[in-house]
$ cat query-v6.csv   # CSV, C-alpha atoms
chain,number,residue,atom,x,y,z
I,81,MET,CA,87.9,99.5,39.0
I,82,LYS,CA,86.5,99.9,42.5
I,83,ILE,CA,88.5,102.2,44.7
I,84,GLY,CA,88.6,102.3,48.4
I,85,LEU,CA,89.3,105.7,50.1
I,86,ILE,CA,90.5,105.9,53.7
I,87,GLY,CA,90.1,109.3,55.4
I,88,THR,CA,87.2,111.6,54.6
I,89,GLY,CA,88.5,115.0,55.7
I,90,ARG,CA,89.0,118.0,53.4
I,91,ILE,CA,91.5,116.4,51.0
I,92,GLY,CA,89.8,113.0,51.2
I,93,ALA,CA,86.5,114.6,50.2
I,94,PHE,CA,88.2,116.3,47.3
I,95,HIS,CA,89.9,113.1,46.1
I,96,ALA,CA,86.7,111.1,46.4
I,97,ALA,CA,84.8,113.5,44.2
I,98,THR,CA,87.7,113.5,41.7
I,99,LEU,CA,87.9,109.8,41.5
I,100,LEU,CA,84.3,109.5,40.5
I,101,LYS,CA,85.2,111.4,37.3
I,102,VAL,CA,88.3,109.4,36.4
I,103,PRO,CA,87.8,107.0,33.5
I,104,GLY,CA,88.0,103.4,34.6
I,105,VAL,CA,86.7,104.0,38.1
I,106,THR,CA,83.4,102.1,38.4
I,107,GLY,CA,82.8,102.4,42.2
I,108,LEU,CA,84.0,104.0,45.4
I,109,VAL,CA,83.9,102.8,49.0
I,110,VAL,CA,84.9,105.3,51.7
I,111,ALA,CA,86.0,104.7,55.3
I,112,ASP,CA,87.2,106.8,58.2
I,113,ALA,CA,88.1,106.5,61.8
I,114,ASP,CA,84.9,108.4,62.3
I,115,PRO,CA,82.3,106.3,60.6
I,116,ALA,CA,79.7,109.1,60.8
I,117,ARG,CA,82.0,111.4,58.7
I,118,ALA,CA,82.5,108.6,56.1
I,119,THR,CA,78.7,108.2,55.9
I,120,ALA,CA,78.1,111.9,55.5
I,121,LEU,CA,80.6,112.0,52.6
I,122,ALA,CA,79.2,108.9,51.0
I,123,ASP,CA,75.7,110.2,51.1
I,124,SER,CA,76.7,113.5,49.5
I,125,LEU,CA,78.4,111.7,46.6
I,126,GLY,CA,76.0,108.7,46.3
I,127,VAL,CA,78.7,106.1,47.1
I,128,ARG,CA,79.1,103.4,49.7
I,129,ALA,CA,80.5,104.0,53.2
I,130,ALA,CA,82.1,101.1,55.1
I,131,ASP,CA,81.9,101.1,58.9
I,132,SER,CA,85.5,100.1,59.2
I,133,ILE,CA,88.7,99.7,57.1
I,134,GLU,CA,88.3,96.0,57.2
I,135,ALA,CA,84.8,96.2,55.9
I,136,MET,CA,86.1,98.4,53.0
I,137,TYR,CA,88.6,95.7,52.0
I,138,ALA,CA,85.9,93.1,52.4
I,139,ALA,CA,83.9,95.0,49.8
I,140,GLY,CA,86.5,93.9,47.2
I,141,VAL,CA,88.3,97.1,46.3
I,142,ASP,CA,90.9,97.0,43.5
I,143,ALA,CA,93.0,99.9,44.8
I,144,VAL,CA,93.2,102.2,47.8
I,145,VAL,CA,93.7,105.9,48.3
I,146,ILE,CA,94.9,107.0,51.7
I,147,THR,CA,94.1,110.5,53.0
I,148,ALA,CA,93.9,109.8,56.7
I,149,ALA,CA,95.9,111.5,59.5
I,150,THR,CA,99.6,111.5,58.9
I,151,SER,CA,100.3,109.4,61.9
I,152,ALA,CA,98.3,106.5,60.4
I,153,HIS,CA,99.9,106.6,56.9
I,154,ALA,CA,102.6,103.9,57.4
I,155,ALA,CA,100.3,101.4,59.1
I,156,LEU,CA,97.6,101.9,56.4
I,157,ILE,CA,100.2,101.4,53.6
I,158,HIS,CA,101.3,98.1,55.2
I,159,GLN,CA,97.7,97.0,55.5
I,160,ALA,CA,97.1,97.7,51.8
I,161,LEU,CA,100.2,95.7,50.9
I,162,ASP,CA,99.1,92.9,53.2
I,163,ALA,CA,95.9,92.8,51.1
I,164,GLY,CA,97.9,92.9,47.8
I,165,VAL,CA,96.1,96.1,46.8
I,166,PRO,CA,97.8,99.0,44.9
I,167,VAL,CA,97.9,102.1,47.1
I,168,PHE,CA,98.1,105.8,46.7
I,169,CYS,CA,99.0,107.7,49.9
I,170,GLU,CA,99.3,111.4,50.5
I,171,LYS,CA,102.7,112.5,51.8
I,172,PRO,CA,104.4,111.9,54.1
I,173,VAL,CA,104.9,108.2,54.2
I,174,ALA,CA,105.5,108.4,57.9
I,175,LEU,CA,106.4,111.0,60.5
I,176,ASP,CA,110.0,109.7,60.8
I,177,VAL,CA,112.8,108.1,58.8
I,178,PRO,CA,112.5,104.6,60.4
I,179,GLY,CA,108.8,104.4,59.6
I,180,THR,CA,109.4,105.6,56.1
I,181,ARG,CA,112.3,103.2,55.5
I,182,ALA,CA,110.2,100.3,56.7
I,183,VAL,CA,107.6,101.1,54.0
I,184,VAL,CA,110.3,101.5,51.4
I,185,GLU,CA,111.8,98.1,52.2
I,186,ARG,CA,108.4,96.4,52.2
I,187,ALA,CA,107.3,98.0,48.9
I,188,GLU,CA,110.6,97.2,47.2
I,189,ALA,CA,110.4,93.6,48.3
I,190,GLY,CA,107.0,93.1,46.7
I,191,THR,CA,105.3,93.7,43.4
I,192,VAL,CA,102.3,95.9,44.5
I,193,PRO,CA,102.7,99.5,43.3
I,194,VAL,CA,102.8,102.3,45.8
I,195,GLN,CA,102.4,106.0,44.8
I,196,ILE,CA,103.1,108.8,47.2
I,197,GLY,CA,101.2,112.1,46.7
I,198,PHE,CA,103.7,114.8,45.7
I,199,GLN,CA,101.2,116.5,43.4
I,200,ARG,CA,103.6,119.2,42.2
I,201,ARG,CA,105.1,116.7,39.8
I,202,PHE,CA,101.8,116.9,37.9
I,203,ASP,CA,101.5,120.7,37.8
I,204,ALA,CA,101.9,122.0,34.2
I,205,GLY,CA,104.3,124.8,35.3
I,206,TYR,CA,106.7,122.6,37.1
I,207,ARG,CA,106.6,120.1,34.2
I,208,ALA,CA,107.4,122.8,31.6
I,209,ALA,CA,110.3,124.1,33.7
I,210,ARG,CA,111.7,120.6,34.0
I,211,GLU,CA,111.5,120.1,30.3
I,212,ALA,CA,113.2,123.4,29.6
I,213,LEU,CA,116.0,122.6,32.0
I,214,ARG,CA,116.5,119.0,30.8
I,215,SER,CA,116.5,120.0,27.1
I,216,GLY,CA,119.4,122.3,27.7
I,217,GLU,CA,117.4,125.4,26.9
I,218,LEU,CA,118.4,127.1,30.2
I,219,GLY,CA,122.0,126.2,30.0
I,220,TRP,CA,123.7,125.0,33.2
I,221,LEU,CA,121.7,125.6,36.4
I,222,HIS,CA,123.1,127.9,39.0
I,223,THR,CA,120.2,128.9,41.3
I,224,LEU,CA,116.8,127.7,42.4
I,225,ARG,CA,114.5,129.8,44.6
I,226,ALA,CA,111.4,128.3,46.1
I,227,CYS,CA,108.7,129.5,48.4
I,228,THR,CA,105.6,127.8,49.9
I,229,SER,CA,103.5,130.3,51.8
I,230,ASP,CA,100.1,129.6,53.4
I,231,GLN,CA,97.7,132.4,53.6
I,232,SER,CA,96.6,131.4,57.1
I,233,PRO,CA,97.8,128.9,59.7
I,234,PRO,CA,96.4,125.4,60.3
I,235,PRO,CA,94.5,124.6,63.4
I,236,ALA,CA,96.6,124.3,66.6
I,237,ALA,CA,95.7,120.6,66.9
I,238,PHE,CA,97.5,119.9,63.6
I,239,ILE,CA,100.9,121.1,64.7
I,240,PRO,CA,102.0,118.3,67.2
I,241,THR,CA,101.2,115.6,64.6
I,242,SER,CA,102.4,117.5,61.4
I,243,GLY,CA,106.1,116.7,61.7
I,244,GLY,CA,107.0,120.3,61.6
I,245,LEU,CA,107.2,123.0,58.9
I,246,PHE,CA,110.1,121.5,57.0
I,247,ARG,CA,108.6,117.9,56.9
I,248,ASP,CA,105.0,119.0,56.3
I,249,CYS,CA,105.4,122.0,54.0
I,250,SER,CA,108.9,122.5,52.6
I,251,ILE,CA,109.3,118.8,51.8
I,252,HIS,CA,107.2,119.5,48.7
I,253,ASP,CA,110.0,121.9,47.5
I,254,PHE,CA,112.7,119.4,48.3
I,255,ASP,CA,110.9,116.7,46.3
I,256,ILE,CA,110.2,118.9,43.3
I,257,MET,CA,113.8,120.2,43.2
I,258,ARG,CA,115.1,116.7,43.1
I,259,TRP,CA,112.6,115.7,40.4
I,260,LEU,CA,113.1,118.7,38.3
I,261,THR,CA,116.9,118.7,38.4
I,262,GLY,CA,117.8,115.0,38.7
I,263,ARG,CA,120.3,116.0,41.3
I,264,GLU,CA,120.7,115.3,45.1
I,265,VAL,CA,121.0,117.8,48.0
I,266,VAL,CA,124.3,117.3,49.8
I,267,SER,CA,124.1,119.9,52.6
I,268,VAL,CA,121.7,122.4,54.1
I,269,TYR,CA,121.8,125.4,56.5
I,270,ALA,CA,118.4,126.4,57.9
I,271,GLN,CA,116.8,128.8,60.3
I,272,GLY,CA,113.3,129.1,61.8
I,273,ALA,CA,111.3,131.7,63.6
I,274,ASN,CA,108.0,132.3,65.4
I,275,ARG,CA,106.2,135.6,65.0
I,276,GLY,CA,102.7,134.3,65.1
I,277,ALA,CA,100.5,132.1,67.4
I,278,ASP,CA,102.1,130.6,70.5
I,279,PHE,CA,100.9,127.1,69.6
I,280,PHE,CA,103.8,126.7,67.0
I,281,ALA,CA,106.5,127.0,69.6
I,282,GLU,CA,104.4,125.0,72.1
I,283,GLY,CA,104.3,122.2,69.5
I,284,ASP,CA,108.1,122.4,69.0
I,285,ASP,CA,107.6,123.9,65.6
I,286,VAL,CA,108.2,127.2,63.7
I,287,ASP,CA,105.8,129.3,61.7
I,288,THR,CA,108.4,130.6,59.3
I,289,CYS,CA,111.6,129.0,57.9
I,290,ALA,CA,114.4,129.5,55.4
I,291,ALA,CA,117.0,127.1,54.1
I,292,LEU,CA,120.0,127.3,51.9
I,293,LEU,CA,120.7,124.0,50.0
I,294,ARG,CA,123.7,122.9,48.0
I,295,PHE,CA,123.3,120.2,45.4
I,296,ASP,CA,125.8,117.6,44.3
I,297,ASP,CA,126.7,119.7,41.2
I,298,ASP,CA,127.1,122.9,43.3
I,299,THR,CA,123.8,124.4,42.3
I,300,LEU,CA,122.5,126.5,45.1
I,301,ALA,CA,118.9,126.8,46.2
I,302,THR,CA,116.9,128.8,48.7
I,303,VAL,CA,113.7,127.4,50.2
I,304,THR,CA,111.3,129.5,52.3
I,305,ALA,CA,108.0,128.8,54.0
I,306,THR,CA,105.5,130.5,56.2
I,307,ARG,CA,102.1,129.9,57.7
I,308,TYR,CA,101.2,133.6,57.6
I,309,ASN,CA,101.2,135.0,54.0
I,310,GLY,CA,98.3,137.5,54.2
I,311,ALA,CA,98.5,138.2,50.4
I,312,GLY,CA,97.3,134.7,49.6
I,313,HIS,CA,98.5,131.1,49.1
I,314,ASP,CA,101.8,131.5,47.3
I,315,VAL,CA,103.8,128.7,45.8
I,316,ARG,CA,106.6,129.5,43.3
I,317,LEU,CA,109.9,128.3,41.9
I,318,GLU,CA,112.5,130.2,40.1
I,319,VAL,CA,114.8,128.0,37.9
I,320,CYS,CA,117.8,130.1,36.8
I,321,GLY,CA,120.4,128.9,34.3
I,322,SER,CA,123.3,130.3,32.4
I,323,LYS,CA,121.2,130.8,29.2
I,324,GLY,CA,117.7,131.4,30.5
I,325,ALA,CA,115.2,131.0,33.3
I,326,ARG,CA,111.7,129.7,34.1
I,327,TYR,CA,109.4,131.0,36.8
I,328,VAL,CA,106.7,128.6,38.1
I,329,GLY,CA,103.6,130.0,39.8
I,330,LEU,CA,103.2,133.4,38.0
I,331,ASP,CA,99.7,132.9,36.8
I,332,ASP,CA,96.7,135.2,37.0
I,333,ARG,CA,95.9,134.2,40.6
I,334,ALA,CA,99.4,134.6,42.0
I,335,PRO,CA,99.2,136.7,45.2
I,336,LEU,CA,101.9,139.2,44.1
I,337,PRO,CA,100.9,142.8,44.6
I,338,SER,CA,103.6,145.0,43.0
I,339,ALA,CA,105.3,147.9,44.8
I,340,GLU,CA,106.2,149.4,41.4
I,341,THR,CA,104.0,152.3,40.2
I,342,ARG,CA,105.0,152.0,36.6
I,343,LEU,CA,104.4,148.2,36.3
I,344,SER,CA,101.3,146.7,34.7
I,345,TRP,CA,101.4,143.8,37.2
I,346,GLN,CA,98.3,143.8,39.4
I,347,ARG,CA,97.3,141.7,42.4
I,348,ALA,CA,94.8,139.0,41.4
I,349,ASP,CA,91.2,139.9,42.1
I,350,ALA,CA,90.8,136.4,43.7
I,351,PRO,CA,94.3,135.1,44.8
I,352,TYR,CA,94.7,131.5,45.8
I,353,ALA,CA,93.5,130.9,49.4
I,354,THR,CA,94.6,127.3,49.8
I,355,PHE,CA,96.9,124.6,48.3
I,356,MET,CA,93.8,122.8,47.0
I,357,GLU,CA,93.0,125.8,44.8
I,358,ARG,CA,96.6,126.3,43.7
I,359,PHE,CA,97.1,122.7,42.7
I,360,HIS,CA,93.5,121.6,41.7
I,361,ASP,CA,94.5,120.4,38.2
I,362,ALA,CA,97.6,118.7,39.5
I,363,TYR,CA,95.6,116.7,42.0
I,364,VAL,CA,93.2,115.6,39.3
I,365,THR,CA,96.0,114.5,37.0
I,366,GLU,CA,97.8,112.7,39.8
I,367,LEU,CA,94.8,110.6,40.7
I,368,ALA,CA,94.1,109.8,37.0
I,369,VAL,CA,97.7,108.5,36.8
I,370,PHE,CA,97.3,106.4,39.9
I,371,VAL,CA,94.3,104.6,38.3
I,372,GLU,CA,96.6,103.8,35.4
I,373,VAL,CA,99.3,102.6,37.9
I,374,ALA,CA,96.7,100.4,39.8
I,375,ALA,CA,95.6,98.9,36.5
I,376,GLY,CA,99.1,97.9,35.7
I,377,HIS,CA,99.4,100.3,32.7
I,378,ALA,CA,102.2,102.5,34.2
I,379,PRO,CA,104.9,102.4,36.9
I,380,SER,CA,104.5,104.5,40.0
I,381,PRO,CA,105.6,108.0,39.3
I,382,CYS,CA,106.6,108.7,42.9
I,383,THR,CA,107.8,105.7,45.0
I,384,PRO,CA,108.3,105.6,48.7
I,385,ALA,CA,112.0,105.5,48.1
I,386,GLU,CA,111.8,108.9,46.4
I,387,ALA,CA,109.7,110.3,49.3
I,388,LEU,CA,112.5,109.0,51.7
I,389,GLU,CA,115.1,111.1,49.9
I,390,ALA,CA,113.0,114.3,50.3
I,391,LEU,CA,112.5,113.4,54.0
I,392,TYR,CA,116.3,113.1,54.5
I,393,VAL,CA,116.6,116.7,53.3
I,394,ALA,CA,113.8,117.8,55.6
I,395,GLU,CA,115.4,116.0,58.6
I,396,ALA,CA,118.7,117.8,57.8
I,397,CYS,CA,117.0,121.2,57.7
I,398,ASP,CA,115.2,120.6,61.0
I,399,ARG,CA,118.5,119.6,62.7
I,400,SER,CA,120.2,122.6,61.2
I,401,ARG,CA,117.6,125.1,62.5
I,402,ARG,CA,117.9,123.5,66.0
I,403,THR,CA,121.7,123.5,66.1
I,404,GLY,CA,122.4,126.7,64.1
I,405,ARG,CA,124.9,124.8,62.0
I,406,PRO,CA,125.1,123.4,58.5
I,407,VAL,CA,124.2,119.8,58.2
I,408,ALA,CA,125.3,117.3,55.6
I,409,VAL,CA,122.5,115.0,54.3
I,410,ALA,CA,125.0,112.1,54.3
I,411,ASP,CA,125.4,112.5,58.0
I,412,VAL,CA,121.7,112.3,58.5
I,413,ARG,CA,121.5,109.2,56.4
I,414,ALA,CA,124.4,107.6,58.3
I,415,TRP,CA,122.8,108.5,61.6
I,416,GLU,CA,119.5,107.0,60.6
I,417,ASP,CA,121.4,103.9,59.4
I,418,GLY,CA,122.5,103.4,63.0
I,419,GLY,CA,125.8,105.3,63.0
I,420,ALA,CA,126.8,108.1,65.3
I,421,ALA,CA,124.6,111.2,65.4
I,422,PRO,CA,125.9,114.3,63.6
I,423,ALA,CA,127.7,116.6,66.0
I,424,ALA,CA,125.4,119.0,67.8

$ encode --input "query-v6.csv" --output "structure tokens"
Amino acid sequence: MKIGLIGTGRIGAFHAATLLKVPGVTGLVVADADPARATALADSLGVRAADSIEAMYAAGVDAVVITAATSAHAALIHQALDAGVPVFCEKPVALDVPGTRAVVERAEAGTVPVQIGFQRRFDAGYRAAREALRSGELGWLHTLRACTSDQSPPPAAFIPTSGGLFRDCSIHDFDIMRWLTGREVVSVYAQGANRGADFFAEGDDVDTCAALLRFDDDTLATVTATRYNGAGHDVRLEVCGSKGARYVGLDDRAPLPSAETRLSWQRADAPYATFMERFHDAYVTELAVFVEVAAGHAPSPCTPAEALEALYVAEACDRSRRTGRPVAVADVRAWEDGGAAPAA
């Protein structure tokens, strides 16, 4: 199978190197809005660079992996579907609900598989926690506590096109909670703050956020995120039930220095610095699964429709932090369906 890859930045370069090791992949063609960057990556990997996306398709690719700028995702997915080529796209599908829904409708109307890159679904810890919950081992679920904390902030230029902290970062927590529990979020109450660089506020974003979520079975969840976690890149989930609990992210590189003097827990010598380190194995598994999807051997494990559900929660959180009020996810959905906007 020959794979085309669009977008040769940091995550694109990682995915390109990973794809070359996936069984069944016989060739790779890379393309980028900056042809020189695509050529540089191709030369380093010994693969072919196309001087345009159209040239990449003309090379006869069997599937496409999209790791380009977020603002280009929706158009590139549509282009892949026009070509009848199975497509993997990093989240988000689009920067807004209308753009995401247009992709959902297009994908559901056809037969070409689309897989969205929520890599936590392929992390061993999250999968083990899901199995423990679904098997009944944890009893009934009462609380979820999630955090996603970057060690250092992204470049200032990223913020205006990121969609904001809830859509860019916490959306991973919203997706994994839905996937793990099989339940839907019905309401949120969220807050945001800026204690760091001015460019977050200038970009109409926040550098730290917290949200309280209520699920349709009355399970409660807290989700926090920040761009300034000096201890290291920290992604964890606590799954707490009436009979037991599971804690995801407590491995030997978790950046959790203890304040207790009588505890054996020690800060890792080399804590995670980036999301790519934290989820390296999950990314590898995710792409191997996509190759199976593209070959017609498996259904998409994360469809655009599922990505849309996580986006509705992120939209509700962003509206809540702006208004200072709880927001029902159903109101956001109705608003985006063309109804009246939720009361400010």

$ residues_around --input "query-v6.csv" --residues "Ala291 (chain I)" --least-positions-apart "2" --cutoff "6 Å" --atoms "all atoms listed in the file" --output "ChimeraX atom specification"
/I:269-270,302-303

$ closest_residue --input "query-v6.csv" --among "I:Thr119, I:Ser151, I:Ser322, I:Ser229" --to "Glu217 (chain I)" --atoms "all atoms listed in the file"
I:Ser322

$ closest_residue --input "query-v6.csv" --among "I:Val184, I:Leu245, I:Leu161, I:Ile196" --to "Pro381 (chain I)" --atoms "only C-alpha atoms"
I:Ile196

$ closest_residue --input "query-v6.csv" --among "I:Val167, I:Leu85, I:Ala204, I:Ala305" --to "Ala130 (chain I)" --atoms "all atoms listed in the file"
I:Leu85

$ atom_distance --input "query-v6.csv" --atom1 "CA of Asp332 (chain I)" --atom2 "CA of Tyr206 (chain I)"
16.1 Å

$ residues_around --input "query-v6.csv" --residues "Val319 (chain I)" --least-positions-apart "3" --cutoff "10 Å" --atoms "only C-alpha atoms" --output "PyMOL selection string"
chain I and resi 206+209-210+212-213+218+221-226+257+260-261+301+316+324-328

$ write_last_selection --input "query-v6.csv" --atoms "C-alpha atoms" --output "short mmCIF file (atom, residue, chain, number, x, y, z; two decimals), in the frame of the given file"
data_model
loop_
_atom_site.label_atom_id
_atom_site.label_comp_id
_atom_site.auth_asym_id
_atom_site.auth_seq_id
_atom_site.Cartn_x
_atom_site.Cartn_y
_atom_site.Cartn_z
CA TYR I 206 106.70 122.60 37.10
CA ALA I 209 110.30 124.10 33.70
CA ARG I 210 111.70 120.60 34.00
CA ALA I 212 113.20 123.40 29.60
CA LEU I 213 116.00 122.60 32.00
CA LEU I 218 118.40 127.10 30.20
CA LEU I 221 121.70 125.60 36.40
CA HIS I 222 123.10 127.90 39.00
CA THR I 223 120.20 128.90 41.30
CA LEU I 224 116.80 127.70 42.40
CA ARG I 225 114.50 129.80 44.60
CA ALA I 226 111.40 128.30 46.10
CA MET I 257 113.80 120.20 43.20
CA LEU I 260 113.10 118.70 38.30
CA THR I 261 116.90 118.70 38.40
CA ALA I 301 118.90 126.80 46.20
CA ARG I 316 106.60 129.50 43.30
CA GLY I 324 117.70 131.40 30.50
CA ALA I 325 115.20 131.00 33.30
CA ARG I 326 111.70 129.70 34.10
CA TYR I 327 109.40 131.00 36.80
CA VAL I 328 106.70 128.60 38.10
#

$ residues_around --input "query-v6.csv" --residues "Ala155 (chain I)" --least-positions-apart "6" --cutoff "12 Å" --atoms "all atoms listed in the file" --output "JSON, numbers by chain"
{"I": [133, 146, 148, 149, 161, 162, 169, 173, 174, 175, 179, 180, 182, 183, 186]}

$ closest_residue --input "query-v6.csv" --among "I:Ala290, I:Ala394, I:Ile91, I:Ala374" --to "Val412 (chain I)" --atoms "only C-alpha atoms"
I:Ala394

$ residues_around --input "query-v6.csv" --residues "Ala236 (chain I)" --least-positions-apart "4" --cutoff "9 Å" --atoms "all atoms listed in the file" --output "ChimeraX atom specification"
/I:240,277,279-280,283
